[in-house]
file query_38.csv (CSV, C-alpha atoms)
chain,number,residue,atom,x,y,z
A,319,MET,CA,11.0,-40.2,-65.6
A,320,ALA,CA,11.0,-42.0,-62.3
A,321,ALA,CA,8.2,-39.7,-61.0
A,322,GLU,CA,6.0,-40.7,-64.0
A,323,PHE,CA,6.6,-44.4,-63.3
A,324,LEU,CA,5.7,-43.9,-59.6
A,325,ALA,CA,2.5,-42.0,-60.6
A,326,VAL,CA,1.4,-44.9,-62.8
A,327,ALA,CA,2.2,-47.4,-60.0
A,328,ASP,CA,0.3,-45.4,-57.5
A,329,GLN,CA,-2.8,-45.2,-59.8
A,330,ARG,CA,-2.6,-49.0,-60.4
A,331,HIS,CA,-2.3,-49.6,-56.6
A,332,LEU,CA,-5.3,-47.4,-55.9
A,333,ARG,CA,-7.4,-49.1,-58.6
A,334,ALA,CA,-6.5,-52.5,-57.2
A,335,LEU,CA,-7.6,-51.4,-53.7
A,336,VAL,CA,-10.9,-50.1,-55.1
A,337,THR,CA,-11.5,-53.6,-56.6
A,338,ILE,CA,-10.7,-55.2,-53.1
A,339,THR,CA,-13.0,-52.8,-51.2
A,340,GLU,CA,-15.7,-53.4,-53.8
A,341,GLY,CA,-15.5,-57.1,-52.8
A,342,ILE,CA,-15.6,-56.2,-49.1
A,343,ASP,CA,-18.7,-54.0,-49.8
A,344,ARG,CA,-20.4,-56.8,-51.8
A,345,ILE,CA,-20.3,-59.1,-48.7
A,346,GLY,CA,-21.5,-56.3,-46.4
A,347,GLY,CA,-18.2,-55.7,-44.6
A,348,LEU,CA,-17.7,-52.0,-45.1
A,349,ALA,CA,-18.6,-49.6,-42.4
A,350,GLU,CA,-22.1,-48.1,-42.8
A,351,GLY,CA,-22.1,-45.1,-45.2
A,352,LEU,CA,-18.4,-45.5,-46.2
A,353,PRO,CA,-18.0,-45.2,-50.0
A,354,VAL,CA,-15.8,-47.8,-51.7
A,355,THR,CA,-13.4,-45.2,-53.0
A,356,ASP,CA,-12.9,-43.7,-49.5
A,357,ALA,CA,-12.2,-47.1,-48.1
A,358,ALA,CA,-9.6,-47.7,-50.8
A,359,ARG,CA,-8.0,-44.4,-50.1
A,360,ILE,CA,-7.8,-45.1,-46.4
A,361,ILE,CA,-6.0,-48.4,-47.0
A,362,TYR,CA,-3.8,-46.6,-49.6
A,363,PHE,CA,-2.9,-43.9,-47.1
A,364,HIS,CA,-2.0,-46.2,-44.3
A,365,PHE,CA,0.1,-48.7,-46.3
A,366,ARG,CA,2.1,-46.4,-48.5
A,367,ASN,CA,5.8,-47.0,-48.1
A,368,SER,CA,6.3,-43.7,-46.3
A,369,GLN,CA,3.7,-44.5,-43.6
A,370,PHE,CA,5.0,-48.1,-43.3
A,371,ALA,CA,8.6,-46.8,-42.9
A,372,LEU,CA,7.4,-44.3,-40.3
A,373,ALA,CA,5.7,-47.0,-38.2
A,374,THR,CA,8.3,-49.6,-38.5
A,375,GLY,CA,11.5,-47.6,-38.7
A,376,THR,CA,11.1,-44.1,-37.3
A,377,PHE,CA,8.9,-45.3,-34.4
A,378,GLY,CA,11.2,-48.3,-33.9
A,379,TRP,CA,8.3,-50.7,-33.9
A,380,GLY,CA,9.6,-53.2,-36.4
A,381,VAL,CA,7.7,-54.9,-39.2
A,382,ASP,CA,5.4,-57.1,-37.1
A,383,ARG,CA,4.3,-54.4,-34.6
A,384,GLY,CA,4.1,-51.7,-37.3
A,385,THR,CA,2.1,-53.9,-39.7
A,386,ARG,CA,-0.3,-54.9,-36.9
A,387,TRP,CA,-0.8,-51.3,-35.8
A,388,LEU,CA,-1.5,-50.1,-39.3
A,389,LEU,CA,-3.9,-53.0,-40.0
A,390,GLU,CA,-5.8,-52.3,-36.8
A,391,ARG,CA,-6.2,-48.7,-37.8
A,392,VAL,CA,-7.5,-49.6,-41.3
A,393,GLU,CA,-9.8,-52.3,-39.9
A,394,ALA,CA,-11.3,-49.8,-37.4
A,395,ALA,CA,-11.7,-47.2,-40.1
A,396,ILE,CA,-13.3,-49.2,-42.9
A,397,LEU,CA,-15.0,-52.3,-41.5
A,398,LYS,CA,-18.3,-52.8,-39.7
A,399,PRO,CA,-17.8,-53.1,-36.0
call {"tool": "encode", "arguments": {"input": "query_38.csv", "output": "structure tokens"}}
result
Amino acid sequence: MAAEFLAVADQRHLRALVTITEGIDRIGGLAEGLPVTDAARIIYFHFRNSQFALATGTFGWGVDRGTRWLLERVEAAILKP
């Protein structure tokens, strides 16, 4: 049952990120040739709880450094230079 709830939450999260990346695309901010869905998936991958826990806890970077590092990776991957 918990797995089903998590699957629904993941789907909703990804749909919300598609909406956000559509907005970024509308203002011309996405990297050239990057589809909206791929941009959403890149954000989703980097900010899933497991990735966040890895950067902040396992690496010992803490919340501020881990968040900053993940954000920098996502910005470099999806935004125009």
call {"tool": "atom_distance", "arguments": {"input": "query_38.csv", "atom1": "CA of Tyr362 in chain A", "atom2": "CA of Leu335 in chain A"}}
result
7.4 Å
call {"tool": "closest_residue", "arguments": {"input": "query_38.csv", "among": "A:Gly346, A:Leu352, A:Phe370, A:Ala358", "to": "Gln329 in chain A", "atoms": "all atoms listed in the file"}}
result
A:Ala358
call {"tool": "atom_distance", "arguments": {"input": "query_38.csv", "atom1": "CA of Arg386 in chain A", "atom2": "CA of Asn367 in chain A"}}
result
15.0 Å
call {"tool": "atom_distance", "arguments": {"input": "query_38.csv", "atom1": "CA of Ala371 in chain A", "atom2": "CA of Thr355 in chain A"}}
result
24.3 Å
call {"tool": "residues_around", "arguments": {"input": "query_38.csv", "residues": "Asp328 in chain A", "least_positions_apart": "2", "cutoff": "12 Å", "atoms": "only C-alpha atoms", "output": "PyMOL selection string"}}
result
chain A and resi 321-326+330-335+359+362-363+365-367
call {"tool": "closest_residue", "arguments": {"input": "query_38.csv", "among": "A:Asp356, A:Ile342, A:Met319, A:Gly375", "to": "Ala395 in chain A", "atoms": "all atoms listed in the file"}}
result
A:Asp356
call {"tool": "residues_around", "arguments": {"input": "query_38.csv", "residues": "Gly347 in chain A", "least_positions_apart": "2", "cutoff": "7 Å", "atoms": "all atoms listed in the file", "output": "PyMOL selection string"}}
result
chain A and resi 342-343+345+349+397-398
call {"tool": "residues_around", "arguments": {"input": "query_38.csv", "residues": "Gly384 in chain A", "least_positions_apart": "6", "cutoff": "10 Å", "atoms": "only C-alpha atoms", "output": "list of chain:residue names"}}
result
A:Gln369, A:Phe370, A:Ala371, A:Leu372, A:Ala373, A:Thr374, A:Gly375, A:Phe377, A:Gly378, A:Glu390
call {"tool": "write_last_selection", "arguments": {"input": "query_38.csv", "atoms": "C-alpha atoms", "output": "JSON list (two decimals), keeping the file's coordinate frame"}}
result
[["chain", "number", "residue", "atom", "x", "y", "z"],
["A", 369, "GLN", "CA", 3.70, -44.50, -43.60],
["A", 370, "PHE", "CA", 5.00, -48.10, -43.30],
["A", 371, "ALA", "CA", 8.60, -46.80, -42.90],
["A", 372, "LEU", "CA", 7.40, -44.30, -40.30],
["A", 373, "ALA", "CA", 5.70, -47.00, -38.20],
["A", 374, "THR", "CA", 8.30, -49.60, -38.50],
["A", 375, "GLY", "CA", 11.50, -47.60, -38.70],
["A", 377, "PHE", "CA", 8.90, -45.30, -34.40],
["A", 378, "GLY", "CA", 11.20, -48.30, -33.90],
["A", 390, "GLU", "CA", -5.80, -52.30, -36.80]]
call {"tool": "axis_aligned_box", "arguments": {"input": "query_38.csv", "around": "range 336-347 of chain A", "padding_each_side": "5 Å", "output": "AutoDock Vina command-line options"}}
result
--center_x -16.1 --center_y -54.6 --center_z -50.6 --size_x 20.8 --size_y 19.0 --size_z 22.0
call {"tool": "residues_around", "arguments": {"input": "query_38.csv", "residues": "Val392 in chain A", "least_positions_apart": "6", "cutoff": "9 Å", "atoms": "all atoms listed in the file", "output": "JSON, numbers by chain"}}
result
{"A": [357, 360, 361, 364]}
call {"tool": "build_atoms", "arguments": {"input": "query_38.csv", "residues": "range 343-355 of chain A", "atoms": "N, CA and C atoms", "output": "PDB file, keeping the file's coordinate frame"}}
result
ATOM      1  N   ASP A 343     -17.352 -54.629 -49.794  1.00  0.00           N
ATOM      2  CA  ASP A 343     -18.700 -54.000 -49.800  1.00  0.00           C
ATOM      3  C   ASP A 343     -19.747 -55.021 -50.231  1.00  0.00           C
ATOM      4  N   ARG A 344     -19.447 -55.827 -51.245  1.00  0.00           N
ATOM      5  CA  ARG A 344     -20.400 -56.800 -51.800  1.00  0.00           C
ATOM      6  C   ARG A 344     -20.834 -57.818 -50.676  1.00  0.00           C
ATOM      7  N   ILE A 345     -19.908 -58.147 -49.780  1.00  0.00           N
ATOM      8  CA  ILE A 345     -20.300 -59.100 -48.700  1.00  0.00           C
ATOM      9  C   ILE A 345     -20.770 -58.408 -47.459  1.00  0.00           C
ATOM     10  N   GLY A 346     -20.945 -57.086 -47.557  1.00  0.00           N
ATOM     11  CA  GLY A 346     -21.500 -56.300 -46.400  1.00  0.00           C
ATOM     12  C   GLY A 346     -20.531 -55.997 -45.337  1.00  0.00           C
ATOM     13  N   GLY A 347     -19.242 -55.952 -45.656  1.00  0.00           N
ATOM     14  CA  GLY A 347     -18.200 -55.700 -44.600  1.00  0.00           C
ATOM     15  C   GLY A 347     -17.808 -54.300 -44.384  1.00  0.00           C
ATOM     16  N   LEU A 348     -18.118 -53.381 -45.323  1.00  0.00           N
ATOM     17  CA  LEU A 348     -17.700 -52.000 -45.100  1.00  0.00           C
ATOM     18  C   LEU A 348     -18.533 -51.292 -44.072  1.00  0.00           C
ATOM     19  N   ALA A 349     -17.909 -50.367 -43.373  1.00  0.00           N
ATOM     20  CA  ALA A 349     -18.600 -49.600 -42.400  1.00  0.00           C
ATOM     21  C   ALA A 349     -19.787 -48.851 -43.044  1.00  0.00           C
ATOM     22  N   GLU A 350     -20.850 -48.698 -42.304  1.00  0.00           N
ATOM     23  CA  GLU A 350     -22.100 -48.100 -42.800  1.00  0.00           C
ATOM     24  C   GLU A 350     -21.777 -46.680 -43.370  1.00  0.00           C
ATOM     25  N   GLY A 351     -22.213 -46.439 -44.605  1.00  0.00           N
ATOM     26  CA  GLY A 351     -22.100 -45.100 -45.200  1.00  0.00           C
ATOM     27  C   GLY A 351     -20.709 -44.808 -45.792  1.00  0.00           C
ATOM     28  N   LEU A 352     -19.766 -45.730 -45.704  1.00  0.00           N
ATOM     29  CA  LEU A 352     -18.400 -45.500 -46.200  1.00  0.00           C
ATOM     30  C   LEU A 352     -18.365 -45.856 -47.693  1.00  0.00           C
ATOM     31  N   PRO A 353     -18.108 -44.885 -48.561  1.00  0.00           N
ATOM     32  CA  PRO A 353     -18.000 -45.200 -50.000  1.00  0.00           C
ATOM     33  C   PRO A 353     -16.764 -46.094 -50.256  1.00  0.00           C
ATOM     34  N   VAL A 354     -16.884 -46.938 -51.252  1.00  0.00           N
ATOM     35  CA  VAL A 354     -15.800 -47.800 -51.700  1.00  0.00           C
ATOM     36  C   VAL A 354     -14.523 -47.072 -51.929  1.00  0.00           C
ATOM     37  N   THR A 355     -14.630 -45.970 -52.656  1.00  0.00           N
ATOM     38  CA  THR A 355     -13.400 -45.200 -53.000  1.00  0.00           C
ATOM     39  C   THR A 355     -12.740 -44.643 -51.763  1.00  0.00           C
TER      40      THR A 355
END
